[in-house]
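*Asks:* If you scroll down you'll find the structure; I have some questions about it.
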Amino acid sequence: MIGELIKTADWKKEKHAPVIDCPDTITAGEEFVVDVSVGKEIAHPNTTEHHISWIDLYFHPEGEKFAYHVGRFEFTGHGESAKGANEGPVNTEPKLTVAVKLKKGGVFHAVSFCNIHGLWESEKAVAAA
């Protein structure tokens with residue numbers, strides 16, 4: 001099962017675990033911002049050889065059976081170039097910001113993919129007032 005391949009850890013101690021930053025309580029129907037990053041406390045390398053390729057963000061509303069896919073965010077500049085590894089002019093950092101509106105509270109889930117260390121997941125509950 002794919003779930004057995006996804007690792008979790010405290011992002012304060014593990015550089016691969018995604019971090020979800022957003023309010024703990026939101027107003028239903030009003031826009032707010034969700035930031036997701038990898039390497040917030042301990043920097044993750046962003047090299048041709050070792051990098052975060054993408055982050056998926058999901059929302060699982062309270063009392064519902066399924067989660068909803070908010071978006072996939074791909075990071076494709078890792079310093080590669082015709083001159084060689086890490087010689088390129090572009091490096092993307094694994095950070096994203098998305099504005100969302102929710103009808104009710106629930107749980108955000110972020111899944112990130114490291115090209116060397118695989119899949120990592122974190123979650124954050126959000127209440128709606």
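Residue numbering restarts at 1 in every chain; chains get A, B, ... in the order shown in the structure tokens, and ligands count up from 1 in that same order.
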Find the residues near region 22-39 of chain A: any atom within 8 Å, counting only C-alpha atoms, skip ones fewer than 3 places away on the same chain, and give them as a ChimeraX atom specification.
*Replies:* /A:11,14-19,42-44,52,94-105,110,112,125-129
*Asks:* Taking the backbone alone, and naming residues the way the document does, which bits of chain A are strand (DSSP E or B) by DSSP, as a ChimeraX atom specification?
*Replies:* /A:7,18-21,25-26,32-38,52-61,68-74,78,91,95-100,106-114,118-128
*Asks:* Excluding same-chain residues fewer than 3 positions from Arg72 (chain A), what lies within 9 Å of it counting only C-alpha atoms, as a list in words?
*Replies:*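 Final neighbour list, sorted by chain and number: Trp54, Ile55, Asp56, Leu57 and His69 of chain A.
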*Asks:* Name all residues at most 12 Å from Glu64 (chain A) (count only C-alpha atoms; drop same-chain ones fewer than 2 positions away) and give them as a VMD selection string.
*Replies:* chain A and resid 59 to 62 66 to 68 104 to 107
*Asks:* Next, dump the selected residues to file, keeping only C-alpha atoms, as a PDB file, in the first residue's frame.
*Replies:*
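Listing of part-v2.pdb after writing:
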ATOM      1  CA  PHE A  59      -8.077  19.162   2.496  1.00  0.00           C
ATOM      2  CA  HIS A  60     -10.264  16.647   4.346  1.00  0.00           C
ATOM      3  CA  PRO A  61     -13.452  18.366   5.582  1.00  0.00           C
ATOM      4  CA  GLU A  62     -14.850  17.329   8.978  1.00  0.00           C
ATOM      5  CA  PHE A  66     -12.901  11.908   1.138  1.00  0.00           C
ATOM      6  CA  ALA A  67     -10.158  14.505   0.987  1.00  0.00           C
ATOM      7  CA  TYR A  68     -10.034  17.109  -1.800  1.00  0.00           C
ATOM      8  CA  LYS A 104     -16.156  24.135   7.229  1.00  0.00           C
ATOM      9  CA  GLY A 105     -13.204  22.987   9.277  1.00  0.00           C
ATOM     10  CA  GLY A 106     -11.123  19.901   8.700  1.00  0.00           C
ATOM     11  CA  VAL A 107      -7.543  18.797   8.179  1.00  0.00           C
TER      12      VAL A 107
END
*Asks:* Mind checking DSSP for chain A and telling me the helix (DSSP H, G or I) residues as a PyMOL selection string?
*Replies:* chain A and resi 2-5
*Asks:* I'd like the neighbourhood of Gly3 (chain A) as a CSV table (one decimal) with all heavy atoms, in the first residue's frame, where a residue qualifies if any of its atoms comes within 12 Å (using only C-alpha atoms), though same-chain residues fewer than 2 positions away should be ignored.
*Replies:*
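Now in around-v2.csv:
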chain,number,residue,atom,x,y,z
A,1,MET,N,0.8,-1.2,0.0
A,1,MET,CA,0.0,0.0,0.0
A,1,MET,C,0.9,1.2,0.0
A,1,MET,O,1.9,1.3,0.7
A,1,MET,CB,-0.9,0.0,1.2
A,1,MET,CG,-1.9,-1.2,1.3
A,1,MET,SD,-3.2,-0.9,2.4
A,1,MET,CE,-4.2,0.2,1.4
A,5,LEU,N,4.5,3.7,2.4
A,5,LEU,CA,5.7,4.3,1.9
A,5,LEU,C,5.9,5.7,2.3
A,5,LEU,O,6.9,6.3,2.1
A,5,LEU,CB,5.7,4.2,0.4
A,5,LEU,CG,5.6,2.8,-0.2
A,5,LEU,CD1,5.5,2.9,-1.7
A,5,LEU,CD2,6.8,2.0,0.2
A,6,ILE,N,4.8,6.3,2.9
A,6,ILE,CA,4.9,7.7,3.3
A,6,ILE,C,5.4,7.9,4.7
A,6,ILE,O,4.8,7.3,5.6
A,6,ILE,CB,3.5,8.4,3.1
A,6,ILE,CG1,3.0,8.3,1.7
A,6,ILE,CG2,3.5,9.8,3.6
A,6,ILE,CD1,1.6,8.7,1.5
A,7,LYS,N,6.4,8.7,4.9
A,7,LYS,CA,7.0,8.9,6.2
A,7,LYS,C,6.4,10.1,6.9
A,7,LYS,O,6.1,11.1,6.2
A,7,LYS,CB,8.5,9.0,6.1
A,7,LYS,CG,9.2,7.8,5.4
A,7,LYS,CD,10.7,8.1,5.2
A,7,LYS,CE,11.3,7.1,4.3
A,7,LYS,NZ,11.1,7.4,2.8
A,8,THR,N,6.4,10.1,8.2
A,8,THR,CA,6.0,11.3,8.9
A,8,THR,C,7.1,11.6,10.0
A,8,THR,O,7.8,10.7,10.4
A,8,THR,CB,4.7,11.1,9.6
A,8,THR,OG1,4.8,10.0,10.5
A,8,THR,CG2,3.6,10.9,8.6
A,111,VAL,N,1.9,16.5,1.3
A,111,VAL,CA,2.8,15.4,0.9
A,111,VAL,C,3.9,15.9,0.0
A,111,VAL,O,3.6,16.6,-1.0
A,111,VAL,CB,2.0,14.2,0.2
A,111,VAL,CG1,3.0,13.1,-0.1
A,111,VAL,CG2,0.9,13.7,1.0
A,119,LEU,N,8.6,9.9,0.0
A,119,LEU,CA,7.4,10.6,0.3
A,119,LEU,C,7.4,11.0,1.8
A,119,LEU,O,7.7,10.1,2.7
A,119,LEU,CB,6.2,9.8,-0.1
A,119,LEU,CG,6.0,9.5,-1.5
A,119,LEU,CD1,5.0,8.4,-1.7
A,119,LEU,CD2,5.6,10.8,-2.3
A,120,TRP,N,6.9,12.2,2.1
A,120,TRP,CA,6.8,12.7,3.5
A,120,TRP,C,5.5,13.4,3.6
A,120,TRP,O,5.0,14.1,2.7
A,120,TRP,CB,7.9,13.6,3.8
A,120,TRP,CG,9.2,12.9,3.9
A,120,TRP,CD1,10.0,12.6,2.8
A,120,TRP,CD2,9.9,12.4,5.0
A,120,TRP,NE1,11.1,11.9,3.2
A,120,TRP,CE2,11.1,11.8,4.6
A,120,TRP,CE3,9.6,12.4,6.4
A,120,TRP,CZ2,11.9,11.2,5.5
A,120,TRP,CZ3,10.4,11.8,7.3
A,120,TRP,CH2,11.6,11.2,6.8
A,121,GLU,N,4.8,13.2,4.8
A,121,GLU,CA,3.5,13.8,5.0
A,121,GLU,C,3.4,14.5,6.3
A,121,GLU,O,4.0,14.1,7.3
A,121,GLU,CB,2.4,12.8,5.0
A,121,GLU,CG,1.0,13.3,5.2
A,121,GLU,CD,-0.1,12.3,5.3
A,121,GLU,OE1,0.2,11.1,5.4
A,121,GLU,OE2,-1.3,12.7,5.2
